[in-house]
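Worksheet for the structure shown next.
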Amino acid sequence: MSQPGMTIIVKNTTRIIAGFIALFGVYIALTGHLSPGGGFAGGVILAAAAVLVVLAFGSGFAGRIVNEPKCHIWDGTGAMGFLVVALCGYITGGFFVNFIPIGTAHHLLSGGMIPLANLAILLKVGAGLAGAFVALSAFKYGRPRSIRRVGREL
């Protein structure tokens, strides 16, 4: 009996590459204030790593790592993190005001609160896109069973 997912070559390559893709997404989010990128671009790259795992191993195995309830939790965590960053600025003087000292220009710690906001957006976008893909990958043959059943009754 064959195992679900793709060939052993694709699975082994995914084991090596998926972590680097996720790490690159975090890097893009953390350095978004220094170069093109940011939380949204990093989140899309992070979701691409999750999509790669689902495609390579099949939705059954990958469902233990990337599943819809976990994606909802991380999506909510990203939204709450973004709200916390905005409210911490409110405590120091105004809504979404920088509350972290700005360092030397063109250095990693020069963005103030922007890297924190980018990390929150990374979680929100990455989990949202991965959750959407996982939800869509659950449908077999293009439509769920409940719709097929209703169609037969009519």
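By order of appearance in the structure tokens: chains A, B, ..., then residues from 1 within every chain, and ligands from 1 in the order shown.
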Which neighbours of Met80 in chain A fall inside 12 Å, counting only C-alpha atoms, when residues of the same chain fewer than 6 positions from it are skipped, and could you give them as a PyMOL selection string? chain A and resi 73-74+86-87+116-117+119-121+123-124
Enumerate, in order of chain and increasing residue number, the residues of range 33-63 of chain A with an atom no farther than 9 Å from range 5-10 of chain A, each with its shortest atom pair and distance in Å to one decimal, counting only C-alpha atoms, as a tab-separated table.
```
residue	atom	partner	partner_atom	distance
A:Val54	CA	A:Gly5	CA	8.2
A:Leu55	CA	A:Gly5	CA	6.8
A:Ala56	CA	A:Met6	CA	5.2
A:Phe57	CA	A:Gly5	CA	4.3
A:Gly58	CA	A:Gly5	CA	4.3
A:Ser59	CA	A:Gly5	CA	8.0
A:Gly60	CA	A:Gly5	CA	8.9
A:Phe61	CA	A:Gly5	CA	8.6
```
With a distance cut-off of 8 Å and only C-alpha atoms, select the neighbouring residues of Ala47 in chain A, excluding the residue or stretch itself and same-chain residues fewer than 5 positions from it, and output the selection as a ChimeraX atom specification. /A:22,125-127,129-130
How about saving the chosen residues, C-alpha atoms kept, as a PDB file, in the first residue's frame?
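Dumped to result-v2.pdb:
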```pdb
ATOM      1  CA  ALA A  22       9.661  29.560   7.294  1.00  0.00           C
ATOM      2  CA  VAL A 125      -1.276  36.652   7.461  1.00  0.00           C
ATOM      3  CA  GLY A 126       0.667  33.392   7.659  1.00  0.00           C
ATOM      4  CA  ALA A 127      -1.962  31.634   9.744  1.00  0.00           C
ATOM      5  CA  LEU A 129      -3.439  31.949   4.369  1.00  0.00           C
ATOM      6  CA  ALA A 130      -2.340  28.554   5.689  1.00  0.00           C
TER       7      ALA A 130
END
```
Excluding Gly42 in chain A and any residue of its chain fewer than 3 positions from it, enumerate the residues within 8 Å of it, using only C-alpha atoms, and give them as a PDB file with N, CA and C atoms, in the first residue's frame.
```pdb
ATOM      1  N   PHE A  24      13.039  32.150   6.534  1.00  0.00           N
ATOM      2  CA  PHE A  24      13.175  33.286   5.625  1.00  0.00           C
ATOM      3  C   PHE A  24      11.976  34.226   5.757  1.00  0.00           C
ATOM      4  N   GLY A  25      10.785  33.676   5.953  1.00  0.00           N
ATOM      5  CA  GLY A  25       9.606  34.511   6.167  1.00  0.00           C
ATOM      6  C   GLY A  25       9.737  35.363   7.424  1.00  0.00           C
ATOM      7  N   VAL A  26      10.256  34.771   8.495  1.00  0.00           N
ATOM      8  CA  VAL A  26      10.474  35.526   9.735  1.00  0.00           C
ATOM      9  C   VAL A  26      11.533  36.600   9.517  1.00  0.00           C
ATOM     10  N   TYR A  27      12.589  36.270   8.763  1.00  0.00           N
ATOM     11  CA  TYR A  27      13.639  37.247   8.449  1.00  0.00           C
ATOM     12  C   TYR A  27      13.066  38.424   7.670  1.00  0.00           C
ATOM     13  N   ILE A  28      12.238  38.149   6.691  1.00  0.00           N
ATOM     14  CA  ILE A  28      11.631  39.214   5.887  1.00  0.00           C
ATOM     15  C   ILE A  28      10.768  40.114   6.770  1.00  0.00           C
ATOM     16  N   ALA A  29      10.046  39.524   7.716  1.00  0.00           N
ATOM     17  CA  ALA A  29       9.205  40.324   8.605  1.00  0.00           C
ATOM     18  C   ALA A  29      10.051  41.170   9.562  1.00  0.00           C
ATOM     19  N   GLY A  37       9.745  44.450   2.145  1.00  0.00           N
ATOM     20  CA  GLY A  37       9.236  43.296   2.869  1.00  0.00           C
ATOM     21  C   GLY A  37       8.376  43.771   4.012  1.00  0.00           C
ATOM     22  N   GLY A  38       8.272  42.982   5.019  1.00  0.00           N
ATOM     23  CA  GLY A  38       7.463  43.334   6.176  1.00  0.00           C
ATOM     24  C   GLY A  38       6.620  42.157   6.595  1.00  0.00           C
ATOM     25  N   GLY A  39       5.618  42.445   7.400  1.00  0.00           N
ATOM     26  CA  GLY A  39       4.788  41.393   7.964  1.00  0.00           C
ATOM     27  C   GLY A  39       3.958  40.659   6.934  1.00  0.00           C
ATOM     28  N   ILE A  45       5.214  34.151   2.809  1.00  0.00           N
ATOM     29  CA  ILE A  45       6.300  33.171   2.705  1.00  0.00           C
ATOM     30  C   ILE A  45       6.127  32.077   3.762  1.00  0.00           C
ATOM     31  N   LEU A  46       5.735  32.448   4.969  1.00  0.00           N
ATOM     32  CA  LEU A  46       5.483  31.467   6.025  1.00  0.00           C
ATOM     33  C   LEU A  46       4.348  30.520   5.638  1.00  0.00           C
ATOM     34  N   LEU A 122       2.866  39.083  10.553  1.00  0.00           N
ATOM     35  CA  LEU A 122       3.377  37.801  10.052  1.00  0.00           C
ATOM     36  C   LEU A 122       2.505  36.653  10.543  1.00  0.00           C
ATOM     37  N   GLY A 126       0.214  34.766   7.863  1.00  0.00           N
ATOM     38  CA  GLY A 126       0.667  33.392   7.659  1.00  0.00           C
ATOM     39  C   GLY A 126      -0.368  32.369   8.087  1.00  0.00           C
TER      40      GLY A 126
END
```
A straight line from CA of Leu108 in chain A to CA of Thr31 in chain A spans 6.7 Å
